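The data block below is protein-v7.pdb; it holds PDB, C-alpha atoms and all ligand atoms.
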```pdb
ATOM      1  CA  MET A 786       8.967  14.594 -11.889
ATOM      2  CA  ALA A 787      10.228  11.031 -11.474
ATOM      3  CA  ARG A 788       8.162   8.982  -9.058
ATOM      4  CA  GLN A 789      10.221   7.557  -6.206
ATOM      5  CA  ILE A 790       9.738   3.826  -5.787
ATOM      6  CA  LEU A 791       8.015   2.745  -2.577
ATOM      7  CA  ILE A 792       8.570  -0.713  -1.141
ATOM      8  CA  ALA A 793       5.957  -1.353   1.553
ATOM      9  CA  GLY A 794       5.599  -4.359   3.822
ATOM     10  CA  ASN A 795       2.152  -5.381   5.065
ATOM     11  CA  TRP A 796       2.753  -7.582   8.091
ATOM     12  CA  LYS A 797      -0.974  -8.304   8.464
ATOM     13  CA  MET A 798      -1.710 -10.051  11.813
ATOM     14  CA  ASN A 799       1.866 -11.238  12.305
ATOM     15  CA  LYS A 800       4.581 -10.273  14.811
ATOM     16  CA  GLY A 801       4.000  -9.050  18.348
ATOM     17  CA  ALA A 802       6.121  -6.253  19.781
ATOM     18  CA  ALA A 803       9.251  -8.309  20.574
ATOM     19  CA  ASP A 804       9.223 -10.217  17.284
ATOM     20  CA  GLY A 805       8.434  -7.041  15.355
ATOM     21  CA  ALA A 806      11.386  -5.164  16.852
ATOM     22  CA  GLN A 807      13.613  -8.131  16.031
ATOM     23  CA  LEU A 808      12.347  -8.157  12.443
ATOM     24  CA  ILE A 809      13.276  -4.478  12.084
ATOM     25  CA  LYS A 810      16.762  -5.217  13.481
ATOM     26  CA  ASP A 811      17.137  -8.032  10.960
ATOM     27  CA  ILE A 812      15.883  -5.907   8.039
ATOM     28  CA  LYS A 813      18.298  -3.111   8.979
ATOM     29  CA  ALA A 814      21.164  -5.593   9.143
ATOM     30  CA  GLN A 815      20.221  -6.992   5.732
ATOM     31  CA  ILE A 816      19.830  -3.706   3.883
ATOM     32  CA  GLY A 817      22.813  -2.009   5.495
ATOM     33  CA  CYS A 818      23.262   1.722   5.315
ATOM     34  CA  GLY A 819      22.717   3.496   2.028
ATOM     35  CA  CYS A 820      20.335   1.030   0.422
ATOM     36  CA  CYS A 821      17.268   3.114   1.039
ATOM     37  CA  CYS A 822      18.796   6.432   2.041
ATOM     38  CA  GLY A 823      19.022   9.216  -0.518
ATOM     39  CA  GLY A 824      19.910   9.214  -4.189
ATOM     40  CA  LYS A 825      17.800   6.999  -6.416
ATOM     41  CA  SER A 826      16.918   4.756  -3.486
ATOM     42  CA  PRO A 827      13.387   3.574  -2.845
ATOM     43  CA  GLU A 828      11.315   4.682   0.107
ATOM     44  CA  VAL A 829      10.754   1.765   2.478
ATOM     45  CA  LEU A 830       7.701   1.343   4.679
ATOM     46  CA  VAL A 831       6.646  -1.360   7.139
ATOM     47  CA  CYS A 832       3.064  -1.735   8.409
ATOM     48  CA  PRO A 833       2.866  -3.904  11.534
ATOM     49  CA  PRO A 834      -0.209  -4.622  13.671
ATOM     50  CA  PHE A 835      -1.360  -1.812  15.995
ATOM     51  CA  THR A 836       0.105  -3.273  19.200
ATOM     52  CA  THR A 837       3.502  -3.683  17.516
ATOM     53  CA  LEU A 838       3.721  -0.098  16.232
ATOM     54  CA  SER A 839       5.480   1.460  19.243
ATOM     55  CA  ALA A 840       8.197  -1.186  19.431
ATOM     56  CA  VAL A 841       8.780  -0.982  15.671
ATOM     57  CA  LEU A 842       8.843   2.832  15.701
ATOM     58  CA  ALA A 843      11.472   2.745  18.463
ATOM     59  CA  GLU A 844      13.617   0.234  16.587
ATOM     60  CA  ALA A 845      13.227   2.043  13.235
ATOM     61  CA  LYS A 846      14.141   5.440  14.704
ATOM     62  CA  GLY A 847      17.127   6.984  12.942
ATOM     63  CA  SER A 848      16.919   4.538  10.041
ATOM     64  CA  CYS A 849      15.376   5.003   6.608
ATOM     65  CA  LEU A 850      12.450   2.761   7.510
ATOM     66  CA  GLN A 851       9.042   4.431   7.697
ATOM     67  CA  VAL A 852       6.223   2.963   9.733
ATOM     68  CA  GLY A 853       2.521   2.766   8.936
ATOM     69  CA  ALA A 854      -0.668   1.230  10.324
ATOM     70  CA  GLN A 855      -3.042  -1.178   8.616
ATOM     71  CA  ASN A 856      -6.327   0.626   9.214
ATOM     72  CA  ILE A 857      -7.862   3.875  10.478
ATOM     73  CA  HIS A 858     -11.366   4.817  11.602
ATOM     74  CA  TRP A 859     -13.073   7.919  10.254
ATOM     75  CA  ALA A 860     -14.216   9.314  13.614
ATOM     76  CA  GLU A 861     -11.847  11.228  15.894
ATOM     77  CA  GLN A 862     -13.081   9.342  18.958
ATOM     78  CA  GLY A 863     -16.193   7.707  20.345
ATOM     79  CA  ALA A 864     -18.146   4.490  20.672
ATOM     80  CA  PHE A 865     -16.389   2.433  17.997
ATOM     81  CA  THR A 866     -15.158  -0.644  19.852
ATOM     82  CA  GLY A 867     -12.042  -2.143  18.310
ATOM     83  CA  GLU A 868     -11.231   0.831  16.084
ATOM     84  CA  ILE A 869      -8.296   3.286  16.049
ATOM     85  CA  SER A 870      -8.552   6.974  15.097
ATOM     86  CA  GLY A 871      -6.247   9.108  12.986
ATOM     87  CA  ALA A 872      -5.345  11.232  16.003
ATOM     88  CA  MET A 873      -4.253   8.074  17.858
ATOM     89  CA  LEU A 874      -2.094   7.010  14.929
ATOM     90  CA  LYS A 875      -0.525  10.477  14.698
ATOM     91  CA  GLU A 876       0.210  10.494  18.415
ATOM     92  CA  CYS A 877       1.806   7.070  18.090
ATOM     93  CA  GLY A 878       4.136   8.445  15.400
ATOM     94  CA  VAL A 879       3.186   6.606  12.231
ATOM     95  CA  THR A 880       3.256   8.422   8.889
ATOM     96  CA  HIS A 881       1.284   6.032   6.653
ATOM     97  CA  VAL A 882      -1.802   3.856   6.743
ATOM     98  CA  ILE A 883      -3.072   1.054   4.506
ATOM     99  CA  ILE A 884      -6.755   1.452   3.598
ATOM    100  CA  GLY A 885      -9.168  -0.908   1.840
ATOM    101  CA  HIS A 886      -7.020  -4.028   1.721
ATOM    102  CA  SER A 887      -8.947  -6.858   0.058
ATOM    103  CA  GLU A 888      -8.824  -8.889   3.285
ATOM    104  CA  ARG A 889     -10.731  -6.075   5.005
ATOM    105  CA  ARG A 890     -13.202  -5.932   2.109
ATOM    106  CA  GLN A 891     -13.593  -9.734   2.153
ATOM    107  CA  TYR A 892     -13.766 -10.438   5.896
ATOM    108  CA  PHE A 893     -14.727  -7.168   7.608
ATOM    109  CA  GLY A 894     -17.368  -5.582   5.405
ATOM    110  CA  GLU A 895     -15.171  -2.801   4.010
ATOM    111  CA  THR A 896     -16.894  -1.018   1.131
ATOM    112  CA  ASP A 897     -15.850   1.668  -1.336
ATOM    113  CA  ALA A 898     -17.796   4.150   0.823
ATOM    114  CA  THR A 899     -15.991   3.220   4.069
ATOM    115  CA  VAL A 900     -12.654   3.274   2.245
ATOM    116  CA  ASN A 901     -13.477   6.845   1.235
ATOM    117  CA  GLN A 902     -14.357   7.812   4.818
ATOM    118  CA  ARG A 903     -11.153   6.266   6.149
ATOM    119  CA  LEU A 904      -9.132   7.995   3.443
ATOM    120  CA  LYS A 905     -10.567  11.385   4.377
ATOM    121  CA  ALA A 906      -9.611  10.752   8.023
ATOM    122  CA  ALA A 907      -6.065   9.820   6.986
ATOM    123  CA  LEU A 908      -5.636  12.987   4.925
ATOM    124  CA  LYS A 909      -7.133  15.158   7.663
ATOM    125  CA  ASN A 910      -4.558  13.769  10.064
ATOM    126  CA  GLY A 911      -1.650  14.309   7.695
ATOM    127  CA  LEU A 912      -1.063  10.625   7.022
ATOM    128  CA  THR A 913      -0.102   9.165   3.656
ATOM    129  CA  ALA A 914      -2.687   6.572   2.640
ATOM    130  CA  VAL A 915      -1.958   3.409   0.680
ATOM    131  CA  VAL A 916      -5.346   2.710  -0.916
ATOM    132  CA  CYS A 917      -5.793  -0.860  -2.158
ATOM    133  CA  VAL A 918      -7.886  -1.910  -5.141
ATOM    134  CA  GLY A 919      -8.056  -5.083  -7.196
ATOM    135  CA  GLU A 920     -10.313  -7.628  -8.812
ATOM    136  CA  THR A 921     -11.169 -11.180  -7.783
ATOM    137  CA  LEU A 922     -10.390 -14.125 -10.044
ATOM    138  CA  ALA A 923     -14.075 -14.370 -11.055
ATOM    139  CA  GLU A 924     -14.083 -10.691 -12.006
ATOM    140  CA  ARG A 925     -10.912 -11.122 -14.088
ATOM    141  CA  MET A 926     -12.332 -14.185 -15.814
ATOM    142  CA  ALA A 927     -15.511 -12.211 -16.567
ATOM    143  CA  GLY A 928     -13.422  -9.489 -18.216
ATOM    144  CA  THR A 929     -14.457  -6.853 -15.678
ATOM    145  CA  THR A 930     -11.046  -6.043 -14.135
ATOM    146  CA  ASN A 931     -10.928  -2.442 -15.340
ATOM    147  CA  ALA A 932     -14.567  -1.798 -14.445
ATOM    148  CA  VAL A 933     -14.047  -3.140 -10.918
ATOM    149  CA  VAL A 934     -10.863  -1.135 -10.382
ATOM    150  CA  GLU A 935     -12.533   2.003 -11.758
ATOM    151  CA  ARG A 936     -15.542   1.563  -9.449
ATOM    152  CA  GLN A 937     -13.248   1.057  -6.442
ATOM    153  CA  LEU A 938     -11.130   4.096  -7.307
ATOM    154  CA  ARG A 939     -14.056   6.418  -8.014
ATOM    155  CA  GLY A 940     -15.605   5.359  -4.694
ATOM    156  CA  ALA A 941     -12.398   5.564  -2.665
ATOM    157  CA  LEU A 942     -11.353   8.909  -4.097
ATOM    158  CA  ALA A 943     -14.747  10.673  -4.077
ATOM    159  CA  ASP A 944     -14.287  14.340  -3.056
ATOM    160  CA  ILE A 945     -10.487  13.986  -2.867
ATOM    161  CA  SER A 946      -8.773  16.987  -4.467
ATOM    162  CA  ALA A 947      -5.619  17.025  -6.579
ATOM    163  CA  ASP A 948      -3.872  18.461  -3.548
ATOM    164  CA  GLY A 949      -5.150  15.620  -1.361
ATOM    165  CA  MET A 950      -3.840  13.120  -3.908
ATOM    166  CA  LYS A 951      -0.302  14.172  -2.939
ATOM    167  CA  GLN A 952      -0.888  12.093   0.218
ATOM    168  CA  VAL A 953      -2.303   9.095  -1.650
ATOM    169  CA  VAL A 954      -0.534   6.014  -2.970
ATOM    170  CA  ILE A 955      -2.559   3.396  -4.857
ATOM    171  CA  ALA A 956      -1.837  -0.320  -4.502
ATOM    172  CA  TYR A 957      -3.201  -2.473  -7.313
ATOM    173  CA  GLU A 958      -3.568  -5.901  -5.746
ATOM    174  CA  PRO A 959      -5.359  -8.559  -7.772
ATOM    175  CA  VAL A 960      -7.114 -10.607  -5.081
ATOM    176  CA  TRP A 961      -6.229 -13.865  -6.811
ATOM    177  CA  ALA A 962      -2.517 -13.058  -6.431
ATOM    178  CA  ILE A 963      -2.524 -12.180  -2.719
ATOM    179  CA  GLY A 964      -0.869 -14.825  -0.593
ATOM    180  CA  THR A 965      -1.339 -17.429  -3.324
ATOM    181  CA  GLY A 966       2.112 -17.472  -4.907
ATOM    182  CA  GLN A 967       0.336 -16.762  -8.201
ATOM    183  CA  VAL A 968       1.789 -13.422  -9.265
ATOM    184  CA  ALA A 969       0.318 -11.296 -12.056
ATOM    185  CA  SER A 970       2.568 -11.286 -15.095
ATOM    186  CA  ASP A 971       4.541  -8.107 -15.746
ATOM    187  CA  GLU A 972       2.207  -7.387 -18.676
ATOM    188  CA  GLN A 973      -1.012  -8.042 -16.725
ATOM    189  CA  ALA A 974       0.121  -5.744 -13.928
ATOM    190  CA  GLN A 975       1.396  -3.015 -16.263
ATOM    191  CA  GLU A 976      -1.884  -3.076 -18.210
ATOM    192  CA  VAL A 977      -3.955  -2.293 -15.090
ATOM    193  CA  HIS A 978      -1.463   0.276 -13.795
ATOM    194  CA  ALA A 979      -1.584   2.086 -17.148
ATOM    195  CA  PHE A 980      -5.381   1.933 -17.017
ATOM    196  CA  ILE A 981      -5.357   3.542 -13.544
ATOM    197  CA  ARG A 982      -3.014   6.305 -14.689
ATOM    198  CA  GLY A 983      -5.240   6.948 -17.694
ATOM    199  CA  LEU A 984      -8.302   7.021 -15.444
ATOM    200  CA  PHE A 985      -6.671   9.675 -13.258
ATOM    201  CA  LYS A 986      -6.303  11.847 -16.374
ATOM    202  CA  THR A 987     -10.087  11.805 -16.716
ATOM    203  CA  MET A 988     -10.881  12.035 -12.991
ATOM    204  CA  PHE A 989      -8.609  14.995 -12.217
ATOM    205  CA  SER A 990      -8.207  18.088 -14.378
ATOM    206  CA  CYS A 991      -4.750  18.618 -12.891
ATOM    207  CA  PRO A 992      -2.347  16.440 -14.967
ATOM    208  CA  SER A 993       0.115  16.095 -12.090
ATOM    209  CA  VAL A 994      -2.224  13.599 -10.382
ATOM    210  CA  ALA A 995      -1.811  11.049 -13.169
ATOM    211  CA  ASP A 996       1.880  11.849 -13.562
ATOM    212  CA  ASN A 997       2.860  11.888  -9.879
ATOM    213  CA  THR A 998       0.609   9.436  -8.034
ATOM    214  CA  ARG A 999       2.499   6.297  -7.186
ATOM    215  CA  ILE A1000       0.831   3.011  -8.088
ATOM    216  CA  LEU A1001       2.250  -0.043  -6.316
ATOM    217  CA  TYR A1002       1.729  -3.643  -7.347
ATOM    218  CA  GLY A1003       0.785  -6.171  -4.653
ATOM    219  CA  GLY A1004       0.246  -9.919  -4.864
ATOM    220  CA  SER A1005       2.962 -12.499  -4.216
ATOM    221  CA  MET A1006       5.775 -10.095  -5.069
ATOM    222  CA  ASN A1007       9.097 -11.633  -4.088
ATOM    223  CA  ALA A1008      12.823 -11.312  -4.704
ATOM    224  CA  THR A1009      12.566 -13.314  -7.937
ATOM    225  CA  ASN A1010       9.668 -11.552  -9.663
ATOM    226  CA  ALA A1011      10.240  -8.010  -8.318
ATOM    227  CA  GLY A1012      12.747  -7.046 -11.014
ATOM    228  CA  GLY A1013      10.351  -7.625 -13.908
ATOM    229  CA  LEU A1014       7.432  -5.941 -12.184
ATOM    230  CA  LEU A1015       9.420  -2.895 -11.052
ATOM    231  CA  ALA A1016      10.821  -2.444 -14.570
ATOM    232  CA  GLN A1017       7.319  -1.668 -15.884
ATOM    233  CA  PRO A1018       6.824   2.032 -16.637
ATOM    234  CA  ASP A1019       3.691   2.464 -14.514
ATOM    235  CA  ILE A1020       4.682   0.283 -11.539
ATOM    236  CA  ASP A1021       6.142   2.460  -8.798
ATOM    237  CA  GLY A1022       6.846  -0.101  -6.116
ATOM    238  CA  GLY A1023       5.279  -2.971  -4.240
ATOM    239  CA  LEU A1024       2.966  -3.743  -1.362
ATOM    240  CA  ILE A1025       4.370  -6.964  -0.034
ATOM    241  CA  GLY A1026       2.832  -9.396   2.430
ATOM    242  CA  GLY A1027       4.559 -12.754   2.941
ATOM    243  CA  ALA A1028       8.008 -11.735   1.696
ATOM    244  CA  SER A1029       8.074  -8.674   3.954
ATOM    245  CA  LEU A1030       8.239 -10.988   6.983
ATOM    246  CA  LYS A1031      11.498 -12.533   5.740
ATOM    247  CA  PRO A1032      14.361 -10.057   6.184
ATOM    248  CA  ALA A1033      16.553 -11.479   3.419
ATOM    249  CA  ASP A1034      13.662 -11.544   0.921
ATOM    250  CA  PHE A1035      12.440  -8.056   1.818
ATOM    251  CA  ALA A1036      15.988  -6.701   1.598
ATOM    252  CA  ALA A1037      16.459  -8.376  -1.778
ATOM    253  CA  ILE A1038      13.344  -6.621  -3.105
ATOM    254  CA  ILE A1039      14.626  -3.292  -1.757
ATOM    255  CA  LYS A1040      17.977  -3.890  -3.466
ATOM    256  CA  THR A1041      16.204  -4.758  -6.724
ATOM    257  CA  ALA A1042      14.182  -1.539  -6.415
ATOM    258  CA  THR A1043      17.395   0.426  -5.913
ATOM    259  CA  LYS A1044      18.522  -0.700  -9.371
ATOM    260  CA  ALA A1045      15.104  -0.296 -11.071
TER     261      ALA A1045
HETATM  262  C1  LIG B   1      -0.769  -8.114   0.673
HETATM  263  O1  LIG B   1      -1.271  -8.623   1.655
HETATM  264  O2  LIG B   1      -0.951  -6.905   0.457
HETATM  265  C2  LIG B   1       0.043  -8.944  -0.207
HETATM  266  C3  LIG B   1       0.367  -8.472  -1.374
HETATM  267  O3  LIG B   1       0.363 -10.188   0.268
HETATM  268  P1  LIG B   1       1.374 -11.237  -0.457
HETATM  269  O4  LIG B   1       2.599 -10.479  -0.856
HETATM  270  O5  LIG B   1       1.646 -12.264   0.603
HETATM  271  O6  LIG B   1       0.650 -11.772  -1.631
END
```
What is this file in structure tokens?
Amino acid sequence: MARQILIAGNWKMNKGAADGAQLIKDIKAQIGCGCCCGGKSPEVLVCPPFTTLSAVLAEAKGSCLQVGAQNIHWAEQGAFTGEISGAMLKECGVTHVIIGHSERRQYFGETDATVNQRLKAALKNGLTAVVCVGETLAERMAGTTNAVVERQLRGALADISADGMKQVVIAYEPVWAIGTGQVASDEQAQEVHAFIRGLFKTMFSCPSVADNTRILYGGSMNATNAGGLLAQPDIDGGLIGGASLKPADFAAIIKTATKA
């Protein structure tokens, strides 16, 4: 089964409700009809901040744009100030959630264990999870990229079944490439993506997990470098930060993905 490309925008802590709705209008105008609807077209996802979700969902309604959140708590409700549950996200209408982004690991104490708990909550609530992994520059320089990615994946995916993996997308995001303009080369990215696919063959007895799980690349992807990255056999799309806030750039990546 061919894996459908997924182009996902991570808006991070940018765009309030009014600006977010305007950005969706602008993206829709840029991509036009047909660019991400049907055929060989990519799936397109945007992940705004929590308070922008409703406005973006309303503006995206009837279009091919899917909407996701940027985090989820593992509990259904309770004394967890500042957190959002899976039930709340479902009620709001989102279909996807980003989990374990390196900024959450770096600044908010996210660990492989909490990523796993959040992932289980996402699956329980019927959400598709975009699980992020990736090494720091020091880890790459030390030659431990694969070991770090393997540790993150084994931790994140502990107790997740082959069936559960149908709701999981992996985003390989080298930390040194996020927001830095320093993109991984096509070969560097492909090498890690192939490693992840190979790892899935050993982690899951069901071969469809390795064959069907989508692995996105993230880290300074833009309209210029997207073509080379998306042409790699094990790269199934992109998780895009900065360029997803610029309608023309995001649309250009979507158009590139349509041809990939
Ligand atoms: C990200 O935040 O997931 C990301 C890849 O950001 P950027 O595209 O800006 O590097």
Run the PyMOL selection byres (((chain A and resi 912) around 7) and not hetatm) against the file shown and list the residues it catches, as a list in words.
Thr880, His881, Val882, Ala907, Leu908, Asn910, Gly911, Thr913, Ala914 and Gln952 of chain A
Residues of the last selection are to be written out with C-alpha atoms, as an mmCIF file, in the frame of the given file.
```cif
data_model
loop_
_atom_site.group_PDB
_atom_site.id
_atom_site.type_symbol
_atom_site.label_atom_id
_atom_site.label_comp_id
_atom_site.auth_asym_id
_atom_site.auth_seq_id
_atom_site.Cartn_x
_atom_site.Cartn_y
_atom_site.Cartn_z
ATOM 1 C CA THR A 880 3.256 8.422 8.889
ATOM 2 C CA HIS A 881 1.284 6.032 6.653
ATOM 3 C CA VAL A 882 -1.802 3.856 6.743
ATOM 4 C CA ALA A 907 -6.065 9.820 6.986
ATOM 5 C CA LEU A 908 -5.636 12.987 4.925
ATOM 6 C CA ASN A 910 -4.558 13.769 10.064
ATOM 7 C CA GLY A 911 -1.650 14.309 7.695
ATOM 8 C CA THR A 913 -0.102 9.165 3.656
ATOM 9 C CA ALA A 914 -2.687 6.572 2.640
ATOM 10 C CA GLN A 952 -0.888 12.093 0.218
#
```
Given the PyMOL selection byres (((chain A and resi 852) around 7) and not hetatm) and the file above, list the residues it selects as an mmCIF file with C-alpha atoms, keeping the file's coordinate frame.
```
data_model
loop_
_atom_site.group_PDB
_atom_site.id
_atom_site.type_symbol
_atom_site.label_atom_id
_atom_site.label_comp_id
_atom_site.auth_asym_id
_atom_site.auth_seq_id
_atom_site.Cartn_x
_atom_site.Cartn_y
_atom_site.Cartn_z
ATOM 1 C CA LEU A 830 7.701 1.343 4.679
ATOM 2 C CA VAL A 831 6.646 -1.360 7.139
ATOM 3 C CA CYS A 832 3.064 -1.735 8.409
ATOM 4 C CA LEU A 842 8.843 2.832 15.701
ATOM 5 C CA LEU A 850 12.450 2.761 7.510
ATOM 6 C CA GLN A 851 9.042 4.431 7.697
ATOM 7 C CA GLY A 853 2.521 2.766 8.936
ATOM 8 C CA VAL A 879 3.186 6.606 12.231
ATOM 9 C CA THR A 880 3.256 8.422 8.889
ATOM 10 C CA HIS A 881 1.284 6.032 6.653
#
```
Contacts between ligand LIG 1 (chain B) and chain A, please, where a residue of chain A counts if it comes within 10 Å (with all atoms listed in the file); show its shortest atom pair and distance in Å to one decimal, rows by chain and ascending number, as JSON lines.
```
{"residue": "A:Ala793", "atom": "CA", "partner": "B:LIG1", "partner_atom": "O2", "distance": 8.9}
{"residue": "A:Gly794", "atom": "CA", "partner": "B:LIG1", "partner_atom": "O2", "distance": 7.8}
{"residue": "A:Asn795", "atom": "CA", "partner": "B:LIG1", "partner_atom": "O2", "distance": 5.8}
{"residue": "A:Trp796", "atom": "CA", "partner": "B:LIG1", "partner_atom": "O1", "distance": 7.7}
{"residue": "A:Lys797", "atom": "CA", "partner": "B:LIG1", "partner_atom": "O1", "distance": 6.8}
{"residue": "A:Ile883", "atom": "CA", "partner": "B:LIG1", "partner_atom": "O2", "distance": 9.2}
{"residue": "A:His886", "atom": "CA", "partner": "B:LIG1", "partner_atom": "O2", "distance": 6.8}
{"residue": "A:Ser887", "atom": "CA", "partner": "B:LIG1", "partner_atom": "O2", "distance": 8.0}
{"residue": "A:Glu888", "atom": "CA", "partner": "B:LIG1", "partner_atom": "O1", "distance": 7.7}
{"residue": "A:Cys917", "atom": "CA", "partner": "B:LIG1", "partner_atom": "O2", "distance": 8.2}
{"residue": "A:Ala956", "atom": "CA", "partner": "B:LIG1", "partner_atom": "O2", "distance": 8.3}
{"residue": "A:Tyr957", "atom": "CA", "partner": "B:LIG1", "partner_atom": "C3", "distance": 9.2}
{"residue": "A:Glu958", "atom": "CA", "partner": "B:LIG1", "partner_atom": "C3", "distance": 6.4}
{"residue": "A:Pro959", "atom": "CA", "partner": "B:LIG1", "partner_atom": "C3", "distance": 8.6}
{"residue": "A:Val960", "atom": "CA", "partner": "B:LIG1", "partner_atom": "O6", "distance": 8.6}
{"residue": "A:Trp961", "atom": "CA", "partner": "B:LIG1", "partner_atom": "O6", "distance": 8.9}
{"residue": "A:Ala962", "atom": "CA", "partner": "B:LIG1", "partner_atom": "O6", "distance": 5.9}
{"residue": "A:Ile963", "atom": "CA", "partner": "B:LIG1", "partner_atom": "O6", "distance": 3.4}
{"residue": "A:Gly964", "atom": "CA", "partner": "B:LIG1", "partner_atom": "O6", "distance": 3.6}
{"residue": "A:Thr965", "atom": "CA", "partner": "B:LIG1", "partner_atom": "O6", "distance": 6.2}
{"residue": "A:Gly966", "atom": "CA", "partner": "B:LIG1", "partner_atom": "O6", "distance": 6.7}
{"residue": "A:Gln967", "atom": "CA", "partner": "B:LIG1", "partner_atom": "O6", "distance": 8.3}
{"residue": "A:Val968", "atom": "CA", "partner": "B:LIG1", "partner_atom": "O6", "distance": 7.9}
{"residue": "A:Leu1001", "atom": "CA", "partner": "B:LIG1", "partner_atom": "C3", "distance": 10.0}
{"residue": "A:Tyr1002", "atom": "CA", "partner": "B:LIG1", "partner_atom": "C3", "distance": 7.8}
{"residue": "A:Gly1003", "atom": "CA", "partner": "B:LIG1", "partner_atom": "C3", "distance": 4.0}
{"residue": "A:Gly1004", "atom": "CA", "partner": "B:LIG1", "partner_atom": "O6", "distance": 3.7}
{"residue": "A:Ser1005", "atom": "CA", "partner": "B:LIG1", "partner_atom": "O6", "distance": 3.5}
{"residue": "A:Met1006", "atom": "CA", "partner": "B:LIG1", "partner_atom": "O4", "distance": 5.3}
{"residue": "A:Asn1007", "atom": "CA", "partner": "B:LIG1", "partner_atom": "O4", "distance": 7.3}
{"residue": "A:Gly1023", "atom": "CA", "partner": "B:LIG1", "partner_atom": "C3", "distance": 7.9}
{"residue": "A:Leu1024", "atom": "CA", "partner": "B:LIG1", "partner_atom": "O2", "distance": 5.4}
{"residue": "A:Ile1025", "atom": "CA", "partner": "B:LIG1", "partner_atom": "O4", "distance": 4.0}
{"residue": "A:Gly1026", "atom": "CA", "partner": "B:LIG1", "partner_atom": "O3", "distance": 3.4}
{"residue": "A:Gly1027", "atom": "CA", "partner": "B:LIG1", "partner_atom": "O5", "distance": 3.8}
{"residue": "A:Ala1028", "atom": "CA", "partner": "B:LIG1", "partner_atom": "O4", "distance": 6.1}
{"residue": "A:Ser1029", "atom": "CA", "partner": "B:LIG1", "partner_atom": "O4", "distance": 7.5}
{"residue": "A:Leu1030", "atom": "CA", "partner": "B:LIG1", "partner_atom": "O5", "distance": 9.3}
```
Identify all residues satisfying the PyMOL selection byres (((chain A and resi 1040) around 9) and not hetatm) in the given file; provide them as a PDB file with C-alpha atoms, in the coordinates of the input.
```pdb
ATOM      1  CA  ILE A 816      19.830  -3.706   3.883  1.00  0.00           C
ATOM      2  CA  CYS A 820      20.335   1.030   0.422  1.00  0.00           C
ATOM      3  CA  CYS A 821      17.268   3.114   1.039  1.00  0.00           C
ATOM      4  CA  SER A 826      16.918   4.756  -3.486  1.00  0.00           C
ATOM      5  CA  PRO A 827      13.387   3.574  -2.845  1.00  0.00           C
ATOM      6  CA  PHE A1035      12.440  -8.056   1.818  1.00  0.00           C
ATOM      7  CA  ALA A1036      15.988  -6.701   1.598  1.00  0.00           C
ATOM      8  CA  ALA A1037      16.459  -8.376  -1.778  1.00  0.00           C
ATOM      9  CA  ILE A1038      13.344  -6.621  -3.105  1.00  0.00           C
ATOM     10  CA  ILE A1039      14.626  -3.292  -1.757  1.00  0.00           C
ATOM     11  CA  THR A1041      16.204  -4.758  -6.724  1.00  0.00           C
ATOM     12  CA  ALA A1042      14.182  -1.539  -6.415  1.00  0.00           C
ATOM     13  CA  THR A1043      17.395   0.426  -5.913  1.00  0.00           C
ATOM     14  CA  LYS A1044      18.522  -0.700  -9.371  1.00  0.00           C
ATOM     15  CA  ALA A1045      15.104  -0.296 -11.071  1.00  0.00           C
TER      16      ALA A1045
END
```
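Separating CA of Met926 (chain A) from CA of Leu938 (chain A) is a distance of 20.2 Å.
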Within 9 Å of Ala947 (chain A), counting all atoms listed in the file, which residues qualify if same-chain residues fewer than 6 places away don't, as a list in words?
Phe989, Ser990, Cys991, Ser993 and Val994 of chain A
Write a file of the just-selected residues containing C-alpha atoms, as a PDB file, in the frame of the given file.
```pdb
ATOM      1  CA  PHE A 989      -8.609  14.995 -12.217  1.00  0.00           C
ATOM      2  CA  SER A 990      -8.207  18.088 -14.378  1.00  0.00           C
ATOM      3  CA  CYS A 991      -4.750  18.618 -12.891  1.00  0.00           C
ATOM      4  CA  SER A 993       0.115  16.095 -12.090  1.00  0.00           C
ATOM      5  CA  VAL A 994      -2.224  13.599 -10.382  1.00  0.00           C
TER       6      VAL A 994
END
```
Please measure the separation of CA of Tyr892 (chain A) and CA of Ser870 (chain A), giving the value in Å to one decimal.
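Atom-to-atom, CA of Tyr892 (chain A) and CA of Ser870 (chain A) are spaced 20.4 Å apart.
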